[in-house]
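*Asks:* One structure, pasted below without further comment.
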Amino acid sequence: MTTGFQLVRYLIGLTLACGLLVVLLIVLLHSAANFAKEGVGVLGYVASLFASGFTAGTRPPEPRGWITSLPQVGLALLFVSMMATLFFPGAKVALHVVAAMAFVALIWFLRMMLMDLQLEILCLPFVLIWFIYYAWCIFWLPLASL
């Protein structure tokens, strides 16, 4: 039983790390076009500055940086907190708090599927897989200790 539980913990930890990587890739994908546009603006500014002999040139607009939304940050924090619960399977309060956060994320995913489909929907399986670990910790571990 202990070996199976450890294996499940490791596999779920790896899937949550992959989920965090997917969120990072989504942020990079959203920001890549902005970074490319800003890079072309800077190259144009440098070219006009050199062409004018350092006398004229219009400054490019201020860089916008990373394009992230609050739900993306919340999803990343959710994955990190899910990974933290893997180290403390007996902390029921922490498991319940993270489960409540995951339930809010599932409601957000449901709204996203019905309203406007975005790339963050790719993270839905990672949240659902964590619920397997949650159920195991809540229902199976107390029975195994009897």
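Please note that chains go A, B, ... in the order of the structure tokens, that every chain numbers its residues from 1, and that ligands are numbered from 1 in the order shown.
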As a PyMOL selection string, list the residues of range 17-133 of chain A assigned to helix (DSSP H, G or I) by DSSP on the backbone atoms of this structure.

*Replies:* chain A and resi 17-51+70-85+92-114+119-133

*Asks:* Now that the selection is made, can you save its residues with C-alpha atoms as an mmCIF file, in the first residue's frame?

*Replies:*
data_model
loop_
_atom_site.group_PDB
_atom_site.id
_atom_site.type_symbol
_atom_site.label_atom_id
_atom_site.label_comp_id
_atom_site.auth_asym_id
_atom_site.auth_seq_id
_atom_site.Cartn_x
_atom_site.Cartn_y
_atom_site.Cartn_z
ATOM 1 C CA ALA A 17 4.979 20.022 -12.816
ATOM 2 C CA CYS A 18 3.922 19.465 -16.426
ATOM 3 C CA GLY A 19 0.794 21.525 -15.755
ATOM 4 C CA LEU A 20 2.920 24.355 -14.416
ATOM 5 C CA LEU A 21 5.080 24.082 -17.527
ATOM 6 C CA VAL A 22 1.963 24.302 -19.726
ATOM 7 C CA VAL A 23 0.913 27.513 -17.951
ATOM 8 C CA LEU A 24 4.419 28.915 -18.506
ATOM 9 C CA LEU A 25 4.286 27.984 -22.198
ATOM 10 C CA ILE A 26 0.887 29.659 -22.548
ATOM 11 C CA VAL A 27 2.285 32.862 -21.028
ATOM 12 C CA LEU A 28 5.311 32.659 -23.332
ATOM 13 C CA LEU A 29 3.055 32.073 -26.328
ATOM 14 C CA HIS A 30 0.925 35.098 -25.472
ATOM 15 C CA SER A 31 4.001 37.251 -24.877
ATOM 16 C CA ALA A 32 6.075 36.099 -27.863
ATOM 17 C CA ALA A 33 4.240 38.275 -30.400
ATOM 18 C CA ASN A 34 4.521 41.292 -28.100
ATOM 19 C CA PHE A 35 8.248 40.731 -27.586
ATOM 20 C CA ALA A 36 8.787 40.360 -31.349
ATOM 21 C CA LYS A 37 6.872 43.585 -32.045
ATOM 22 C CA GLU A 38 8.856 45.478 -29.416
ATOM 23 C CA GLY A 39 12.109 44.049 -30.791
ATOM 24 C CA VAL A 40 11.293 45.267 -34.305
ATOM 25 C CA GLY A 41 10.474 48.704 -32.881
ATOM 26 C CA VAL A 42 13.826 48.875 -31.101
ATOM 27 C CA LEU A 43 15.676 47.779 -34.259
ATOM 28 C CA GLY A 44 13.844 50.480 -36.247
ATOM 29 C CA TYR A 45 14.787 53.086 -33.658
ATOM 30 C CA VAL A 46 18.455 52.063 -33.713
ATOM 31 C CA ALA A 47 18.487 52.039 -37.529
ATOM 32 C CA SER A 48 16.954 55.536 -37.763
ATOM 33 C CA LEU A 49 19.347 56.787 -35.095
ATOM 34 C CA PHE A 50 22.396 55.516 -36.998
ATOM 35 C CA ALA A 51 21.027 56.704 -40.347
ATOM 36 C CA LEU A 70 -4.852 37.155 -13.068
ATOM 37 C CA PRO A 71 -6.356 33.701 -13.790
ATOM 38 C CA GLN A 72 -3.021 32.522 -15.199
ATOM 39 C CA VAL A 73 -1.233 33.628 -12.051
ATOM 40 C CA GLY A 74 -3.940 31.966 -9.949
ATOM 41 C CA LEU A 75 -3.588 28.756 -11.940
ATOM 42 C CA ALA A 76 0.183 28.739 -11.415
ATOM 43 C CA LEU A 77 -0.301 29.309 -7.671
ATOM 44 C CA LEU A 78 -2.879 26.503 -7.631
ATOM 45 C CA PHE A 79 -0.390 24.081 -9.194
ATOM 46 C CA VAL A 80 2.307 25.103 -6.722
ATOM 47 C CA SER A 81 -0.065 24.623 -3.778
ATOM 48 C CA MET A 82 -1.140 21.253 -5.182
ATOM 49 C CA MET A 83 2.516 20.228 -5.319
ATOM 50 C CA ALA A 84 2.962 21.388 -1.721
ATOM 51 C CA THR A 85 0.161 19.075 -0.573
ATOM 52 C CA LYS A 92 -6.433 17.508 5.948
ATOM 53 C CA VAL A 93 -7.047 21.256 6.293
ATOM 54 C CA ALA A 94 -4.489 22.051 3.598
ATOM 55 C CA LEU A 95 -5.992 19.390 1.352
ATOM 56 C CA HIS A 96 -9.473 20.840 1.810
ATOM 57 C CA VAL A 97 -8.298 24.408 1.139
ATOM 58 C CA VAL A 98 -6.510 23.365 -2.046
ATOM 59 C CA ALA A 99 -9.552 21.319 -3.068
ATOM 60 C CA ALA A 100 -11.731 24.421 -2.657
ATOM 61 C CA MET A 101 -9.282 26.397 -4.796
ATOM 62 C CA ALA A 102 -9.319 23.627 -7.401
ATOM 63 C CA PHE A 103 -13.117 23.620 -7.372
ATOM 64 C CA VAL A 104 -13.108 27.350 -8.117
ATOM 65 C CA ALA A 105 -10.661 26.660 -10.955
ATOM 66 C CA LEU A 106 -12.999 23.958 -12.303
ATOM 67 C CA ILE A 107 -15.880 26.443 -12.299
ATOM 68 C CA TRP A 108 -13.656 28.882 -14.174
ATOM 69 C CA PHE A 109 -12.796 26.148 -16.697
ATOM 70 C CA LEU A 110 -16.488 25.366 -17.147
ATOM 71 C CA ARG A 111 -17.271 29.039 -17.792
ATOM 72 C CA MET A 112 -14.350 29.190 -20.208
ATOM 73 C CA MET A 113 -15.613 26.163 -22.139
ATOM 74 C CA LEU A 114 -19.067 27.709 -22.471
ATOM 75 C CA LEU A 119 -5.471 27.905 -24.184
ATOM 76 C CA GLU A 120 -5.723 27.590 -20.404
ATOM 77 C CA ILE A 121 -8.282 24.815 -20.940
ATOM 78 C CA LEU A 122 -5.282 22.537 -21.583
ATOM 79 C CA CYS A 123 -4.639 22.612 -17.817
ATOM 80 C CA LEU A 124 -7.986 21.009 -16.950
ATOM 81 C CA PRO A 125 -6.713 17.386 -16.902
ATOM 82 C CA PHE A 126 -3.949 18.318 -14.458
ATOM 83 C CA VAL A 127 -6.479 19.700 -11.992
ATOM 84 C CA LEU A 128 -8.690 16.620 -12.355
ATOM 85 C CA ILE A 129 -5.743 14.268 -11.770
ATOM 86 C CA TRP A 130 -4.988 15.983 -8.457
ATOM 87 C CA PHE A 131 -8.488 15.085 -7.255
ATOM 88 C CA ILE A 132 -7.429 11.404 -7.432
ATOM 89 C CA TYR A 133 -4.692 12.164 -4.905
#

*Asks:* What's the separation between CA of Tyr134 in chain A and CA of Asp116 in chain A, in Å to one decimal place?

*Replies:* 29.2 Å

*Asks:* Using Å and a single decimal, report how far CA of Thr15 in chain A sits from CA of Thr2 in chain A.

*Replies:*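 These atoms are spaced 19.9 Å apart.
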
*Asks:* Would you work out the distance separating CA of Ala91 in chain A from CA of Leu14 in chain A, expressed in Å to one decimal?

*Replies:*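 These two atoms are separated by 20.5 Å.
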